[in-house]
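To start, the structure under review is shown below, and the notes come after it.
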Amino acid sequence: MKFILPFIFLLILSCQRDASHNANSDVQKLEELAEEKKPEADYQCVAKVSGMVCKMGCGGTIRKELKSLRGVSRVAVDYEENREEQIISVFYNSRFHDEKEIYAELEKINNGQFSIGTTKSERLNNPL
């Protein structure tokens, strides 16, 4: 009996690790498929944004939130420490959003921490 219990414990533990590994692998595959199926960007909007206090935290949050929008393929943050307004560029597919919707979503992030200043939008000649 003393020899059976450690064997059963080891068997259960190894099965849990395999299941966890398989679940993580499945999630990673789904994320890769989602990235592959993002529609090509045909527009770029650029905004001056105030309220950012750091590149990594604020910039990362903005990138994450905006890239979660369907049709947004890329978000670039141009952050300089001593500048009052930072520059955010969003590359998106106009079939899903327009720049006003994107700016509205940006202003919702972190309970309205960020505000939009000067903006511009342009059609991309060579979509990404």
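The chains in the structure tokens are called A, B, ... from first to last as shown; in each chain the residues are counted from 1, and the ligands are counted from 1 in the order shown.
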Set out as a Markdown table a contact list for region 86-110 of chain A and region 44-66 of chain A with a cut-off of 8 Å, giving each residue of region 86-110 of chain A that qualifies its closest atom pair and distance in Å to one decimal, counting only C-alpha atoms, ordered by chain and rising residue number.
```
| residue | atom | partner | partner_atom | distance |
| --- | --- | --- | --- | --- |
| A:Gln86 | CA | A:Val49 | CA | 5.1 |
| A:Ile87 | CA | A:Lys48 | CA | 4.7 |
| A:Ile88 | CA | A:Ala47 | CA | 5.4 |
| A:Ser89 | CA | A:Val46 | CA | 4.4 |
| A:Val90 | CA | A:Cys45 | CA | 5.3 |
| A:Phe91 | CA | A:Gln44 | CA | 4.4 |
| A:Tyr92 | CA | A:Gln44 | CA | 6.2 |
| A:Glu99 | CA | A:Cys45 | CA | 6.2 |
| A:Ile102 | CA | A:Leu66 | CA | 7.4 |
| A:Glu105 | CA | A:Leu66 | CA | 7.4 |
| A:Leu106 | CA | A:Ile62 | CA | 6.9 |
| A:Ile109 | CA | A:Ile62 | CA | 7.2 |
```
Secondary structure check, alpha helix (DSSP H) residues of region 59-99 of chain A, as a PyMOL selection string:
chain A and resi 59-67+99
Those residues you just picked out, can you put them in a file as a JSON list (two decimals), in the first residue's frame with all heavy atoms?
```
[["chain", "number", "residue", "atom", "x", "y", "z"],
["A", 59, "GLY", "N", 1.13, 53.49, -22.49],
["A", 59, "GLY", "CA", 1.26, 53.09, -23.89],
["A", 59, "GLY", "C", 0.83, 51.65, -24.11],
["A", 59, "GLY", "O", 0.13, 51.34, -25.08],
["A", 60, "GLY", "N", 1.22, 50.78, -23.21],
["A", 60, "GLY", "CA", 0.84, 49.37, -23.31],
["A", 60, "GLY", "C", -0.66, 49.18, -23.19],
["A", 60, "GLY", "O", -1.26, 48.38, -23.91],
["A", 61, "THR", "N", -1.27, 49.90, -22.27],
["A", 61, "THR", "CA", -2.71, 49.80, -22.08],
["A", 61, "THR", "C", -3.45, 50.29, -23.32],
["A", 61, "THR", "O", -4.40, 49.65, -23.78],
["A", 61, "THR", "CB", -3.15, 50.62, -20.85],
["A", 61, "THR", "OG1", -2.50, 50.08, -19.69],
["A", 61, "THR", "CG2", -4.66, 50.57, -20.66],
["A", 62, "ILE", "N", -3.01, 51.40, -23.86],
["A", 62, "ILE", "CA", -3.65, 51.94, -25.07],
["A", 62, "ILE", "C", -3.50, 50.95, -26.23],
["A", 62, "ILE", "O", -4.48, 50.66, -26.92],
["A", 62, "ILE", "CB", -3.05, 53.32, -25.43],
["A", 62, "ILE", "CG1", -3.52, 54.36, -24.41],
["A", 62, "ILE", "CG2", -3.42, 53.73, -26.85],
["A", 62, "ILE", "CD1", -2.83, 55.71, -24.52],
["A", 63, "ARG", "N", -2.30, 50.43, -26.42],
["A", 63, "ARG", "CA", -2.09, 49.44, -27.49],
["A", 63, "ARG", "C", -2.99, 48.23, -27.31],
["A", 63, "ARG", "O", -3.66, 47.79, -28.25],
["A", 63, "ARG", "CB", -0.63, 48.98, -27.53],
["A", 63, "ARG", "CG", 0.27, 49.84, -28.39],
["A", 63, "ARG", "CD", 1.63, 49.20, -28.60],
["A", 63, "ARG", "NE", 2.39, 49.08, -27.37],
["A", 63, "ARG", "CZ", 3.11, 50.05, -26.84],
["A", 63, "ARG", "NH1", 3.18, 51.22, -27.43],
["A", 63, "ARG", "NH2", 3.77, 49.86, -25.73],
["A", 64, "LYS", "N", -3.03, 47.69, -26.12],
["A", 64, "LYS", "CA", -3.82, 46.49, -25.85],
["A", 64, "LYS", "C", -5.31, 46.74, -26.10],
["A", 64, "LYS", "O", -5.98, 45.94, -26.76],
["A", 64, "LYS", "CB", -3.60, 46.04, -24.41],
["A", 64, "LYS", "CG", -4.39, 44.82, -24.02],
["A", 64, "LYS", "CD", -4.16, 44.48, -22.57],
["A", 64, "LYS", "CE", -5.11, 43.37, -22.13],
["A", 64, "LYS", "NZ", -5.07, 43.16, -20.70],
["A", 65, "GLU", "N", -5.83, 47.82, -25.56],
["A", 65, "GLU", "CA", -7.26, 48.10, -25.69],
["A", 65, "GLU", "C", -7.66, 48.38, -27.14],
["A", 65, "GLU", "O", -8.68, 47.89, -27.61],
["A", 65, "GLU", "CB", -7.65, 49.28, -24.81],
["A", 65, "GLU", "CG", -7.54, 49.00, -23.33],
["A", 65, "GLU", "CD", -8.51, 47.95, -22.84],
["A", 65, "GLU", "OE1", -9.65, 47.89, -23.32],
["A", 65, "GLU", "OE2", -8.11, 47.16, -21.95],
["A", 66, "LEU", "N", -6.88, 49.18, -27.84],
["A", 66, "LEU", "CA", -7.24, 49.52, -29.22],
["A", 66, "LEU", "C", -7.05, 48.34, -30.16],
["A", 66, "LEU", "O", -7.83, 48.15, -31.09],
["A", 66, "LEU", "CB", -6.46, 50.74, -29.70],
["A", 66, "LEU", "CG", -6.81, 52.06, -29.00],
["A", 66, "LEU", "CD1", -6.02, 53.21, -29.59],
["A", 66, "LEU", "CD2", -8.30, 52.35, -29.04],
["A", 67, "LYS", "N", -6.01, 47.52, -29.93],
["A", 67, "LYS", "CA", -5.81, 46.36, -30.80],
["A", 67, "LYS", "C", -6.88, 45.31, -30.59],
["A", 67, "LYS", "O", -7.07, 44.45, -31.45],
["A", 67, "LYS", "CB", -4.42, 45.76, -30.58],
["A", 67, "LYS", "CG", -3.34, 46.54, -31.30],
["A", 67, "LYS", "CD", -2.02, 45.84, -31.26],
["A", 67, "LYS", "CE", -2.07, 44.64, -32.15],
["A", 67, "LYS", "NZ", -0.81, 43.93, -32.28],
["A", 99, "GLU", "N", -12.38, 56.90, -37.57],
["A", 99, "GLU", "CA", -11.50, 57.48, -36.56],
["A", 99, "GLU", "C", -12.26, 58.00, -35.34],
["A", 99, "GLU", "O", -11.75, 57.93, -34.22],
["A", 99, "GLU", "CB", -10.59, 58.56, -37.16],
["A", 99, "GLU", "CG", -11.29, 59.81, -37.60],
["A", 99, "GLU", "CD", -11.79, 59.78, -39.04],
["A", 99, "GLU", "OE1", -11.77, 58.73, -39.69],
["A", 99, "GLU", "OE2", -12.24, 60.84, -39.50]]
```
Show me, as a ChimeraX atom specification, the residues that have an atom within 10 Å of His97 (chain A) when counting only C-alpha atoms, minus same-chain residues fewer than 5 positions from it.
/A:43,69-72,92,102
Report the residues of region 83-128 of chain A whose backbone DSSP state falls under strand (DSSP E or B), written as a PyMOL selection string.
chain A and resi 86-92+115-123
Would you work out the distance separating CA of Asp98 (chain A) from CA of Tyr79 (chain A), expressed in Å to one decimal?
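We find that CA of Asp98 (chain A) and CA of Tyr79 (chain A) lie 23.7 Å from each other.
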